[in-house]
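Trainee: Contents are PDB, C-alpha atoms; file name input.pdb:
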ATOM      1  CA  MET A 241      13.533 -12.745 -23.826
ATOM      2  CA  LYS A 242      10.088 -12.493 -22.270
ATOM      3  CA  LYS A 243       8.866  -9.688 -20.062
ATOM      4  CA  VAL A 244       8.250 -11.197 -16.621
ATOM      5  CA  PHE A 245       7.616  -8.022 -14.673
ATOM      6  CA  GLY A 246       6.210  -4.694 -15.819
ATOM      7  CA  ARG A 247       3.585  -2.075 -15.242
ATOM      8  CA  PRO A 248       0.154  -3.686 -14.723
ATOM      9  CA  GLU A 249      -2.626  -2.703 -17.123
ATOM     10  CA  SER A 250      -4.737  -1.450 -14.217
ATOM     11  CA  LEU A 251      -2.274   1.401 -13.619
ATOM     12  CA  THR A 252      -2.181   4.419 -15.916
ATOM     13  CA  GLU A 253       1.096   5.778 -17.317
ATOM     14  CA  THR A 254       0.877   8.811 -14.999
ATOM     15  CA  PRO A 255       3.909   8.961 -12.680
ATOM     16  CA  PHE A 256       2.992   8.742  -8.990
ATOM     17  CA  THR A 257       2.993  12.039  -7.096
ATOM     18  CA  TYR A 258       4.239  10.369  -3.915
ATOM     19  CA  CYS A 259       7.543  11.220  -2.225
ATOM     20  CA  PRO A 260      10.584   9.060  -3.070
ATOM     21  CA  GLY A 261      10.420   5.736  -1.214
ATOM     22  CA  CYS A 262       6.750   6.067  -0.192
ATOM     23  CA  HIS A 263       5.081   2.655  -0.046
ATOM     24  CA  HIS A 264       1.816   3.935  -1.550
ATOM     25  CA  GLY A 265       3.241   3.123  -4.985
ATOM     26  CA  ILE A 266       3.854  -0.515  -4.028
ATOM     27  CA  ALA A 267       0.329  -0.820  -2.607
ATOM     28  CA  HIS A 268      -1.134   0.697  -5.798
ATOM     29  CA  ARG A 269       0.809  -1.763  -7.925
ATOM     30  CA  LEU A 270      -0.316  -4.779  -5.873
ATOM     31  CA  VAL A 271      -3.991  -3.800  -6.111
ATOM     32  CA  ALA A 272      -3.610  -3.178  -9.866
ATOM     33  CA  GLU A 273      -1.899  -6.550 -10.399
ATOM     34  CA  VAL A 274      -4.720  -8.315  -8.547
ATOM     35  CA  LEU A 275      -7.357  -6.532 -10.700
ATOM     36  CA  ASP A 276      -5.405  -7.617 -13.802
ATOM     37  CA  GLU A 277      -5.152 -11.213 -12.635
ATOM     38  CA  PHE A 278      -8.885 -11.472 -11.994
ATOM     39  CA  GLY A 279      -9.583  -9.656 -15.297
ATOM     40  CA  VAL A 280     -12.070  -7.332 -13.613
ATOM     41  CA  ARG A 281     -10.550  -3.924 -14.432
ATOM     42  CA  GLU A 282     -13.413  -2.872 -16.725
ATOM     43  CA  ASN A 283     -15.914  -3.775 -14.044
ATOM     44  CA  THR A 284     -14.173  -2.201 -11.051
ATOM     45  CA  ILE A 285     -15.052   0.984  -9.207
ATOM     46  CA  GLY A 286     -12.556   2.306  -6.681
ATOM     47  CA  VAL A 287     -13.140   4.941  -4.028
ATOM     48  CA  CYS A 288     -10.230   7.215  -3.091
ATOM     49  CA  PRO A 289      -9.841   8.878   0.281
ATOM     50  CA  VAL A 290      -8.635  12.285   1.355
ATOM     51  CA  GLY A 291      -4.917  12.223   2.088
ATOM     52  CA  CYS A 292      -1.786  11.607   0.038
ATOM     53  CA  SER A 293      -3.632   8.996  -2.011
ATOM     54  CA  VAL A 294      -6.411  11.433  -2.932
ATOM     55  CA  PHE A 295      -4.976  11.398  -6.459
ATOM     56  CA  ALA A 296      -5.337   7.615  -6.737
ATOM     57  CA  TYR A 297      -7.978   8.278  -9.412
ATOM     58  CA  LEU A 298      -5.152   9.495 -11.671
ATOM     59  CA  PHE A 299      -3.167   6.298 -11.187
ATOM     60  CA  PHE A 300      -5.744   3.491 -11.284
ATOM     61  CA  ASN A 301      -6.922   2.643 -14.781
ATOM     62  CA  CYS A 302     -10.474   1.821 -13.676
ATOM     63  CA  ASP A 303     -13.494   3.902 -12.668
ATOM     64  CA  MET A 304     -12.743   5.912  -9.544
ATOM     65  CA  ILE A 305     -14.713   8.183  -7.233
ATOM     66  CA  CYS A 306     -13.212  10.521  -4.641
ATOM     67  CA  ALA A 307     -15.093  10.452  -1.347
ATOM     68  CA  ALA A 308     -15.355  13.122   1.332
ATOM     69  CA  HIS A 309     -12.839  12.607   4.143
ATOM     70  CA  GLY A 310     -13.399   9.192   5.768
ATOM     71  CA  ARG A 311     -16.624   8.463   3.893
ATOM     72  CA  ALA A 312     -15.232   6.003   1.353
ATOM     73  CA  PRO A 313     -16.919   2.903   2.897
ATOM     74  CA  ALA A 314     -20.297   4.698   2.842
ATOM     75  CA  ILE A 315     -19.876   5.628  -0.843
ATOM     76  CA  ALA A 316     -18.660   2.100  -1.629
ATOM     77  CA  THR A 317     -21.777   0.705   0.094
ATOM     78  CA  GLY A 318     -23.983   2.804  -2.195
ATOM     79  CA  ILE A 319     -22.104   1.744  -5.322
ATOM     80  CA  LYS A 320     -22.095  -1.943  -4.435
ATOM     81  CA  ARG A 321     -25.773  -2.004  -3.520
ATOM     82  CA  SER A 322     -26.835  -0.216  -6.698
ATOM     83  CA  LYS A 323     -24.412  -2.144  -8.943
ATOM     84  CA  PRO A 324     -23.982  -5.506  -7.199
ATOM     85  CA  ASP A 325     -22.122  -7.009 -10.173
ATOM     86  CA  SER A 326     -19.255  -4.530 -10.012
ATOM     87  CA  ILE A 327     -16.105  -4.944  -7.969
ATOM     88  CA  VAL A 328     -15.852  -2.143  -5.424
ATOM     89  CA  PHE A 329     -12.833  -1.263  -3.330
ATOM     90  CA  THR A 330     -11.819   1.646  -1.138
ATOM     91  CA  TYR A 331      -8.250   2.805  -0.676
ATOM     92  CA  GLN A 332      -7.816   4.692   2.575
ATOM     93  CA  GLY A 333      -5.058   5.960   4.817
ATOM     94  CA  ASP A 334      -4.979   5.907   8.601
ATOM     95  CA  GLY A 335      -6.061   9.519   9.040
ATOM     96  CA  ASP A 336      -9.010   8.801   6.774
ATOM     97  CA  LEU A 337     -10.074   5.356   7.991
ATOM     98  CA  ALA A 338      -8.991   5.293  11.636
ATOM     99  CA  SER A 339      -9.805   8.877  12.584
ATOM    100  CA  ILE A 340     -12.476  10.895  10.787
ATOM    101  CA  GLY A 341     -13.919   7.810   9.071
ATOM    102  CA  THR A 342     -14.050   5.420  12.039
ATOM    103  CA  ALA A 343     -17.856   5.359  12.141
ATOM    104  CA  GLU A 344     -18.136   4.575   8.427
ATOM    105  CA  ILE A 345     -15.647   1.705   8.460
ATOM    106  CA  VAL A 346     -17.036   0.120  11.637
ATOM    107  CA  HIS A 347     -20.602   0.160  10.344
ATOM    108  CA  ALA A 348     -19.710  -0.933   6.812
ATOM    109  CA  ALA A 349     -17.911  -3.922   8.370
ATOM    110  CA  ASN A 350     -20.762  -4.523  10.778
ATOM    111  CA  ARG A 351     -23.291  -4.585   7.958
ATOM    112  CA  GLY A 352     -21.034  -7.061   6.176
ATOM    113  CA  GLU A 353     -20.979  -4.990   2.981
ATOM    114  CA  ASN A 354     -19.506  -6.984   0.105
ATOM    115  CA  ILE A 355     -16.633  -4.551  -0.533
ATOM    116  CA  THR A 356     -12.851  -4.661  -0.197
ATOM    117  CA  VAL A 357     -11.019  -2.073   1.900
ATOM    118  CA  ILE A 358      -7.325  -1.376   1.398
ATOM    119  CA  PHE A 359      -6.136   0.388   4.546
ATOM    120  CA  ILE A 360      -2.706   2.037   4.500
ATOM    121  CA  ASN A 361      -1.295   2.397   8.024
ATOM    122  CA  ASN A 362       1.839   4.535   8.145
ATOM    123  CA  ALA A 363       1.346   5.811  11.710
ATOM    124  CA  ILE A 364       1.223   9.476  10.715
ATOM    125  CA  TYR A 365      -0.734  12.058   8.718
ATOM    126  CA  GLY A 366       1.204  12.398   5.477
ATOM    127  CA  MET A 367      -0.353  15.030   3.256
ATOM    128  CA  THR A 368      -0.992  17.585   5.997
ATOM    129  CA  GLY A 369       2.623  17.561   7.140
ATOM    130  CA  GLY A 370       3.229  14.833   9.706
ATOM    131  CA  GLN A 371       0.728  15.294  12.532
ATOM    132  CA  MET A 372      -0.099  12.549  15.041
ATOM    133  CA  ALA A 373      -2.573   9.961  13.738
ATOM    134  CA  PRO A 374      -4.686   7.556  15.844
ATOM    135  CA  THR A 375      -2.200   4.878  14.762
ATOM    136  CA  THR A 376       0.946   6.815  15.799
ATOM    137  CA  LEU A 377       3.063   4.643  18.097
ATOM    138  CA  VAL A 378       3.614   5.419  21.782
ATOM    139  CA  GLY A 379       6.610   7.732  22.079
ATOM    140  CA  GLN A 380       6.656   8.554  18.372
ATOM    141  CA  VAL A 381       7.562  12.175  17.704
ATOM    142  CA  THR A 382       5.295  14.019  15.256
ATOM    143  CA  GLN A 383       4.460  17.676  14.598
ATOM    144  CA  THR A 384       1.628  17.538  17.144
ATOM    145  CA  SER A 385       3.349  15.200  19.624
ATOM    146  CA  PRO A 386       6.783  16.882  19.795
ATOM    147  CA  TYR A 387       7.674  15.052  23.038
ATOM    148  CA  GLY A 388       6.452  11.718  21.692
ATOM    149  CA  ARG A 389       2.943  10.258  21.945
ATOM    150  CA  ASP A 390       1.990  10.085  25.621
ATOM    151  CA  PRO A 391      -0.785   7.525  26.215
ATOM    152  CA  LYS A 392      -1.904   9.366  29.368
ATOM    153  CA  THR A 393      -3.293  12.227  27.342
ATOM    154  CA  MET A 394      -3.313  10.870  23.778
ATOM    155  CA  GLY A 395      -4.410   7.256  24.243
ATOM    156  CA  TYR A 396      -2.860   4.185  22.688
ATOM    157  CA  PRO A 397      -2.534   3.512  18.948
ATOM    158  CA  ILE A 398      -5.707   1.953  17.538
ATOM    159  CA  LYS A 399      -5.361  -1.559  16.144
ATOM    160  CA  MET A 400      -8.006  -1.385  13.446
ATOM    161  CA  ALA A 401      -7.615  -4.952  12.174
ATOM    162  CA  GLU A 402      -8.076  -6.437  15.654
ATOM    163  CA  MET A 403     -10.922  -4.050  16.453
ATOM    164  CA  LEU A 404     -12.888  -4.865  13.291
ATOM    165  CA  SER A 405     -12.235  -8.584  13.639
ATOM    166  CA  THR A 406     -14.447  -8.598  16.755
ATOM    167  CA  LEU A 407     -17.436  -7.876  14.488
ATOM    168  CA  LYS A 408     -19.435 -10.931  13.544
ATOM    169  CA  SER A 409     -20.150  -9.801   9.982
ATOM    170  CA  ALA A 410     -16.586  -9.033   8.888
ATOM    171  CA  THR A 411     -15.483 -11.886   6.626
ATOM    172  CA  TYR A 412     -11.795 -11.336   6.017
ATOM    173  CA  ILE A 413      -9.426  -9.098   7.993
ATOM    174  CA  SER A 414      -5.649  -9.252   7.667
ATOM    175  CA  ARG A 415      -2.549  -7.176   8.268
ATOM    176  CA  VAL A 416       0.489  -7.166   5.985
ATOM    177  CA  ALA A 417       3.615  -5.012   5.540
ATOM    178  CA  LEU A 418       5.595  -3.711   2.567
ATOM    179  CA  ASN A 419       9.065  -3.352   4.076
ATOM    180  CA  LYS A 420      10.812  -6.181   2.198
ATOM    181  CA  PRO A 421      10.253  -8.432  -0.855
ATOM    182  CA  SER A 422       9.029 -11.417   1.224
ATOM    183  CA  ASN A 423       6.399  -9.275   2.942
ATOM    184  CA  ILE A 424       5.388  -7.691  -0.374
ATOM    185  CA  ILE A 425       4.717 -11.159  -1.841
ATOM    186  CA  LYS A 426       2.624 -12.054   1.232
ATOM    187  CA  ALA A 427       0.790  -8.718   0.958
ATOM    188  CA  LYS A 428      -0.209  -9.469  -2.615
ATOM    189  CA  LYS A 429      -1.541 -12.901  -1.641
ATOM    190  CA  SER A 430      -3.639 -11.295   1.061
ATOM    191  CA  ILE A 431      -5.017  -8.579  -1.259
ATOM    192  CA  LYS A 432      -5.874 -11.269  -3.794
ATOM    193  CA  LYS A 433      -7.731 -13.242  -1.127
ATOM    194  CA  ALA A 434      -9.676 -10.131  -0.121
ATOM    195  CA  PHE A 435     -10.825  -9.509  -3.706
ATOM    196  CA  GLN A 436     -11.569 -13.228  -4.155
ATOM    197  CA  ILE A 437     -13.940 -13.052  -1.177
ATOM    198  CA  GLN A 438     -15.741 -10.119  -2.759
ATOM    199  CA  LEU A 439     -15.967 -11.919  -6.112
ATOM    200  CA  GLU A 440     -17.540 -14.897  -4.364
ATOM    201  CA  GLY A 441     -20.006 -12.581  -2.609
ATOM    202  CA  LYS A 442     -18.849 -13.636   0.831
ATOM    203  CA  GLY A 443     -18.870 -10.162   2.416
ATOM    204  CA  PHE A 444     -16.621  -7.530   3.927
ATOM    205  CA  SER A 445     -12.864  -7.819   3.469
ATOM    206  CA  MET A 446     -10.101  -5.504   4.666
ATOM    207  CA  VAL A 447      -6.326  -5.627   4.310
ATOM    208  CA  GLU A 448      -4.368  -3.340   6.629
ATOM    209  CA  ILE A 449      -1.018  -2.523   5.022
ATOM    210  CA  LEU A 450       1.826  -1.293   7.219
ATOM    211  CA  SER A 451       3.808   1.171   5.142
ATOM    212  CA  THR A 452       6.374   3.917   5.537
ATOM    213  CA  CYS A 453       6.265   7.696   5.336
ATOM    214  CA  PRO A 454       9.979   8.538   5.005
ATOM    215  CA  THR A 455       9.368  12.287   4.593
ATOM    216  CA  ASN A 456       7.322  12.789   7.747
ATOM    217  CA  TRP A 457       9.196  10.209   9.808
ATOM    218  CA  GLY A 458      12.367  12.160   8.989
ATOM    219  CA  LEU A 459      14.191   9.038   7.774
ATOM    220  CA  SER A 460      15.651   7.849   4.495
ATOM    221  CA  PRO A 461      13.466   5.270   2.676
ATOM    222  CA  ILE A 462      15.854   2.446   3.681
ATOM    223  CA  GLU A 463      15.927   3.587   7.339
ATOM    224  CA  ALA A 464      12.138   3.914   7.267
ATOM    225  CA  SER A 465      11.697   0.303   6.126
ATOM    226  CA  LYS A 466      13.950  -0.747   9.018
ATOM    227  CA  TRP A 467      12.007   1.444  11.463
ATOM    228  CA  LEU A 468       8.770  -0.209  10.308
ATOM    229  CA  GLU A 469      10.233  -3.661  10.933
ATOM    230  CA  GLU A 470      11.629  -2.777  14.366
ATOM    231  CA  ASN A 471       8.818  -0.618  15.727
ATOM    232  CA  MET A 472       5.557  -1.101  13.881
ATOM    233  CA  ILE A 473       5.485  -4.884  13.344
ATOM    234  CA  PRO A 474       6.001  -5.685  17.088
ATOM    235  CA  TYR A 475       2.975  -3.508  17.957
ATOM    236  CA  TYR A 476       0.892  -4.319  14.877
ATOM    237  CA  PRO A 477       1.390  -8.079  14.407
ATOM    238  CA  LEU A 478       1.035  -9.384  10.842
ATOM    239  CA  GLY A 479      -1.404 -12.108   9.922
ATOM    240  CA  GLU A 480      -5.015 -12.970   9.268
ATOM    241  CA  PHE A 481      -7.416 -12.005  12.036
ATOM    242  CA  ARG A 482     -10.572 -13.193  10.428
ATOM    243  CA  THR A 483     -11.010 -15.712   7.622
ATOM    244  CA  PRO A 484     -14.146 -17.003   5.884
ATOM    245  CA  GLU A 485     -13.890 -20.395   7.628
ATOM    246  CA  GLU A 486     -14.414 -18.709  11.005
ATOM    247  CA  VAL A 487     -17.470 -16.862   9.745
ATOM    248  CA  ALA A 488     -19.114 -19.931   8.251
TER     249      ALA A 488
ATOM    250  CA  MET B 293      19.962 -14.885 -19.057
ATOM    251  CA  ALA B 294      17.960 -12.070 -17.566
ATOM    252  CA  LYS B 295      17.896  -8.309 -17.713
ATOM    253  CA  ILE B 296      16.225  -5.357 -16.068
ATOM    254  CA  ILE B 297      15.358  -1.991 -17.547
ATOM    255  CA  ILE B 298      15.176   0.933 -15.129
ATOM    256  CA  ASP B 299      13.099   3.856 -16.372
ATOM    257  CA  GLN B 300      15.509   6.668 -15.478
ATOM    258  CA  GLU B 301      12.816   9.348 -15.689
ATOM    259  CA  ARG B 302      10.323   7.490 -13.452
ATOM    260  CA  CYS B 303      12.953   6.693 -10.802
ATOM    261  CA  LYS B 304      12.965   9.033  -7.802
ATOM    262  CA  GLY B 305      16.239   7.740  -6.390
ATOM    263  CA  CYS B 306      14.732   6.295  -3.195
ATOM    264  CA  GLU B 307      17.395   3.532  -3.172
ATOM    265  CA  LEU B 308      14.965   0.812  -1.968
ATOM    266  CA  CYS B 309      16.041  -1.481  -4.840
ATOM    267  CA  ILE B 310      19.687  -1.438  -3.728
ATOM    268  CA  PRO B 311      19.364  -3.578  -0.539
ATOM    269  CA  ALA B 312      16.670  -5.688  -2.284
ATOM    270  CA  CYS B 313      19.128  -6.919  -4.949
ATOM    271  CA  PRO B 314      20.738 -10.191  -3.787
ATOM    272  CA  LYS B 315      23.575  -9.729  -6.314
ATOM    273  CA  HIS B 316      24.365  -6.130  -5.276
ATOM    274  CA  ILE B 317      24.424  -4.956  -8.879
ATOM    275  CA  ILE B 318      22.255  -1.853  -8.560
ATOM    276  CA  ILE B 319      23.903   1.468  -7.759
ATOM    277  CA  MET B 320      22.911   5.119  -7.883
ATOM    278  CA  SER B 321      23.745   6.999 -11.059
ATOM    279  CA  GLU B 322      26.125   9.949 -10.924
ATOM    280  CA  ASN B 323      23.926  11.878 -13.335
ATOM    281  CA  PHE B 324      20.547  13.283 -12.382
ATOM    282  CA  ASN B 325      17.321  12.925 -14.374
ATOM    283  CA  LYS B 326      14.903  15.644 -15.553
ATOM    284  CA  LYS B 327      13.254  15.821 -12.144
ATOM    285  CA  GLY B 328      16.616  16.279 -10.427
ATOM    286  CA  TYR B 329      16.812  12.829  -8.809
ATOM    287  CA  TYR B 330      19.834  10.555  -9.054
ATOM    288  CA  PRO B 331      18.250   7.423 -10.562
ATOM    289  CA  ALA B 332      19.258   3.821  -9.954
ATOM    290  CA  GLU B 333      21.274   1.977 -12.570
ATOM    291  CA  GLN B 334      22.551  -1.537 -13.039
ATOM    292  CA  ILE B 335      26.186  -2.612 -13.146
ATOM    293  CA  ASN B 336      27.492  -6.036 -14.259
ATOM    294  CA  PRO B 337      24.225  -6.948 -16.070
ATOM    295  CA  GLU B 338      25.502 -10.476 -16.770
ATOM    296  CA  GLU B 339      25.103 -11.276 -13.047
ATOM    297  CA  CYS B 340      21.365 -10.481 -13.037
ATOM    298  CA  THR B 341      19.220 -13.554 -12.302
ATOM    299  CA  GLY B 342      15.861 -11.890 -13.035
ATOM    300  CA  CYS B 343      14.585 -12.503  -9.485
ATOM    301  CA  ALA B 344      12.574  -9.235  -9.750
ATOM    302  CA  PHE B 345      13.144  -8.282  -6.091
ATOM    303  CA  CYS B 346      14.203  -4.792  -7.242
ATOM    304  CA  ALA B 347      10.999  -4.430  -9.258
ATOM    305  CA  LEU B 348       8.903  -5.732  -6.345
ATOM    306  CA  THR B 349      10.270  -3.067  -3.986
ATOM    307  CA  CYS B 350      10.195  -0.188  -6.493
ATOM    308  CA  PRO B 351       7.444   2.197  -5.354
ATOM    309  CA  ASP B 352       7.339   3.927  -8.750
ATOM    310  CA  VAL B 353       7.016   0.795 -10.908
ATOM    311  CA  ALA B 354      10.110   2.006 -12.777
ATOM    312  CA  ILE B 355      11.728  -1.423 -13.278
ATOM    313  CA  GLU B 356      10.875  -3.966 -15.946
ATOM    314  CA  VAL B 357      12.299  -7.496 -15.776
ATOM    315  CA  TYR B 358      12.973  -9.735 -18.773
ATOM    316  CA  LYS B 359      13.971 -13.387 -18.637
TER     317      LYS B 359
END
Output the structure of this file as structure tokens.

Mentor:
Amino acid sequence: MKKVFGRPESLTETPFTYCPGCHHGIAHRLVAEVLDEFGVRENTIGVCPVGCSVFAYLFFNCDMICAAHGRAPAIATGIKRSKPDSIVFTYQGDGDLASIGTAEIVHAANRGENITVIFINNAIYGMTGGQMAPTTLVGQVTQTSPYGRDPKTMGYPIKMAEMLSTLKSATYISRVALNKPSNIIKAKKSIKKAFQIQLEGKGFSMVEILSTCPTNWGLSPIEASKWLEENMIPYYPLGEFRTPEEVA
Amino acid sequence: MAKIIIDQERCKGCELCIPACPKHIIIMSENFNKKGYYPAEQINPEECTGCAFCALTCPDVAIEVYK
């Protein structure tokens, strides 16, 4: 009998510190599998955010740096420009990328930096206890929107993938989800494409990953996956918003 | 012939593998692990096709698949 599925080499043996059912673990595994498949683990430098995935440096078996809140794309720019042969990726949540780090991500994309951004969108702040994020859906109840998000005073959820795809220098922008096996397979293909674009030196790539936060949504992991499918996917459509063909 | 191995100590009992299994042969254990979670376990192993859907959905990479 041959092993057909196991822990990728690009993940350490350290157990994840995430809550039961949190999709961060799936996203970590997909990125690690892609690094394994390209054989670039020894040459990869990742940048972790501030948020639940701040400990990503414990889980990825490659060089990792932890950036100040939201500044991962700026740090990644510095690494990539000083070591252009290395593979550089950032792993950021929605509080990190779409709120405090909006300036960094927009300008890194606008400069067309040759880095890959993995953006986890779970529509809430996880680590700090479930406050409203810029990506929180209209009507969604959080600790800081107890009556549901009201667009009159709190604005509408930001669609980062669509927003960044308006920039001429962004090469590859896509949105995927992790709520069921079929979407997980598609997510991996998209992450692989994003890293492929970096390997070919074609420029900025970002994959937005819709994922769940069962703890702060107040749902069981199975209910949370269903909630993602019914509420998040209709507002945040899946697909590729920018591909290299368009840029060329 | 296929089999899965669930790492009982890595499993956090999130139950995501249960609806993912097309053969419905994963259930929750009645005994808890060292962390206090009720881990997933397989019943009727001869029915397993090695599709790896359980392993794909496992957020803790606790499932290995052999074929």

Trainee: Given all atoms listed in the file, how would the per-residue table for chain B near chain A read, listing every residue at most 9 Å away with its closest atom pair and distance in Å to one decimal, sorted by chain and number, as CSV?

Mentor:
residue,atom,partner,partner_atom,distance
B:Met293,CA,A:Met241,CA,8.3
B:Ala294,CA,A:Met241,CA,7.7
B:Lys295,CA,A:Met241,CA,8.7
B:Arg302,CA,A:Pro255,CA,6.6
B:Cys303,CA,A:Pro260,CA,8.4
B:Lys304,CA,A:Pro260,CA,5.3
B:Gly305,CA,A:Pro260,CA,6.7
B:Cys306,CA,A:Gly261,CA,4.8
B:Glu307,CA,A:Ile462,CA,7.1
B:Leu308,CA,A:Ile462,CA,5.9
B:Pro311,CA,A:Ile462,CA,8.1
B:Ala312,CA,A:Pro421,CA,7.1
B:Gly342,CA,A:Val244,CA,8.4
B:Ala344,CA,A:Phe245,CA,7.1
B:Phe345,CA,A:Pro421,CA,6.0
B:Cys346,CA,A:Pro421,CA,8.3
B:Ala347,CA,A:Phe245,CA,7.3
B:Leu348,CA,A:Pro421,CA,6.3
B:Thr349,CA,A:Pro421,CA,6.2
B:Cys350,CA,A:Ile266,CA,6.8
B:Pro351,CA,A:Gly265,CA,4.3
B:Asp352,CA,A:Gly265,CA,5.6
B:Val353,CA,A:Arg247,CA,6.2
B:Ala354,CA,A:Arg247,CA,8.1
B:Ile355,CA,A:Gly246,CA,6.9
B:Glu356,CA,A:Gly246,CA,4.7
B:Val357,CA,A:Phe245,CA,4.8
B:Tyr358,CA,A:Lys243,CA,4.3
B:Lys359,CA,A:Met241,CA,5.2

Trainee: Can you tell me which residues surround Ser430 in chain A at a distance of at most 10 Å, considering all atoms listed in the file, apart from same-chain residues fewer than 2 positions away, and format the answer as a list in words?

Mentor: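 So, after excluding close chain neighbours, the residues are Tyr412, Ile413, Ser414, Arg415, Val416, Ile424, Ile425, Lys426, Ala427, Lys428, Lys432, Lys433, Ala434, Phe435, Gln436, Met446, Val447, Glu448, Ile449, Gly479 and Glu480 of chain A.
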
Trainee: Which residues would end up in the selection if the PyMOL selection byres ((chain A and resi 477) around 12) were applied here, given that I need the answer as a PyMOL selection string?

Mentor: chain A and resi 399-402+414-417+448-450+468-476+478-481

Trainee: Residues of the last selection are to be written out with C-alpha atoms, as a PDB file, in the frame of the given file.

Mentor:
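For reference, part-v2.pdb as written:
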ATOM      1  CA  LYS A 399      -5.361  -1.559  16.144  1.00  0.00           C
ATOM      2  CA  MET A 400      -8.006  -1.385  13.446  1.00  0.00           C
ATOM      3  CA  ALA A 401      -7.615  -4.952  12.174  1.00  0.00           C
ATOM      4  CA  GLU A 402      -8.076  -6.437  15.654  1.00  0.00           C
ATOM      5  CA  SER A 414      -5.649  -9.252   7.667  1.00  0.00           C
ATOM      6  CA  ARG A 415      -2.549  -7.176   8.268  1.00  0.00           C
ATOM      7  CA  VAL A 416       0.489  -7.166   5.985  1.00  0.00           C
ATOM      8  CA  ALA A 417       3.615  -5.012   5.540  1.00  0.00           C
ATOM      9  CA  GLU A 448      -4.368  -3.340   6.629  1.00  0.00           C
ATOM     10  CA  ILE A 449      -1.018  -2.523   5.022  1.00  0.00           C
ATOM     11  CA  LEU A 450       1.826  -1.293   7.219  1.00  0.00           C
ATOM     12  CA  LEU A 468       8.770  -0.209  10.308  1.00  0.00           C
ATOM     13  CA  GLU A 469      10.233  -3.661  10.933  1.00  0.00           C
ATOM     14  CA  GLU A 470      11.629  -2.777  14.366  1.00  0.00           C
ATOM     15  CA  ASN A 471       8.818  -0.618  15.727  1.00  0.00           C
ATOM     16  CA  MET A 472       5.557  -1.101  13.881  1.00  0.00           C
ATOM     17  CA  ILE A 473       5.485  -4.884  13.344  1.00  0.00           C
ATOM     18  CA  PRO A 474       6.001  -5.685  17.088  1.00  0.00           C
ATOM     19  CA  TYR A 475       2.975  -3.508  17.957  1.00  0.00           C
ATOM     20  CA  TYR A 476       0.892  -4.319  14.877  1.00  0.00           C
ATOM     21  CA  LEU A 478       1.035  -9.384  10.842  1.00  0.00           C
ATOM     22  CA  GLY A 479      -1.404 -12.108   9.922  1.00  0.00           C
ATOM     23  CA  GLU A 480      -5.015 -12.970   9.268  1.00  0.00           C
ATOM     24  CA  PHE A 481      -7.416 -12.005  12.036  1.00  0.00           C
TER      25      PHE A 481
END

Trainee: Hey, what comes out of the PyMOL selection byres ((chain B and resi 317) around 8) on this file? Could you write it as a VMD selection string?

Mentor: chain B and resid 310 313 315 to 316 318 to 319 334 to 337 339 to 340

Trainee: Can you list, as number ranges by chain, the residues that the PyMOL selection byres ((chain B and resi 327) around 9) selects here?

Mentor: B: 301-302, 304, 324-326, 328-330

Trainee: Skipping near chain neighbours, those fewer than 3 positions away, what residues fall within 10 Å of range 406-410 of chain A using all atoms listed in the file, listed as a ChimeraX atom specification?

Mentor: /A:346-354,401-403,413,442-446,481-484,486-487

Trainee: Could you write out as lines of an AutoDock Vina configuration file the box around range 314-327 of chain B (axis-aligned, all atoms listed in the file, 8 Å on each side), with centre and edge lengths in Å to one decimal?

Mentor:
center_x = 19.7
center_y = 2.8
center_z = -9.7
size_x = 28.9
size_y = 42.0
size_z = 27.8

Trainee: Using all atoms listed in the file, can you list as a ChimeraX atom specification the residues within 6 Å of (-5.2, 6.4, 17.1)?

Mentor: /A:373-375,397-398

Trainee: Hey, which bits of range 415-467 of chain A sit within 12 Å of range 376-383 of chain A, and for each residue what's the closest pair of atoms and how far apart in Å (one decimal), counting all atoms listed in the file, rows by chain and increasing number, as CSV?

Mentor:
residue,atom,partner,partner_atom,distance
A:Leu450,CA,A:Thr376,CA,11.8
A:Thr452,CA,A:Thr376,CA,12.0
A:Cys453,CA,A:Thr376,CA,11.8
A:Thr455,CA,A:Thr382,CA,11.5
A:Asn456,CA,A:Thr382,CA,7.9
A:Trp457,CA,A:Thr382,CA,7.7
A:Gly458,CA,A:Thr382,CA,9.6
A:Trp467,CA,A:Gln380,CA,11.3

Trainee: Rounded to one decimal, what separation in Å do you get between CA of Gly310 in chain A and CA of Glu440 in chain A?

Mentor: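 CA of Gly310 in chain A sits 26.5 Å away from CA of Glu440 in chain A.
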
Trainee: Give the answer as one residue: which of A:Lys320, A:Lys466, A:Lys392, A:His309 has the shortest atom-to-atom distance to Gly341 in chain A, using all atoms listed in the file?

Mentor: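 Smallest separation from Gly341 in chain A among the options: A:His309.
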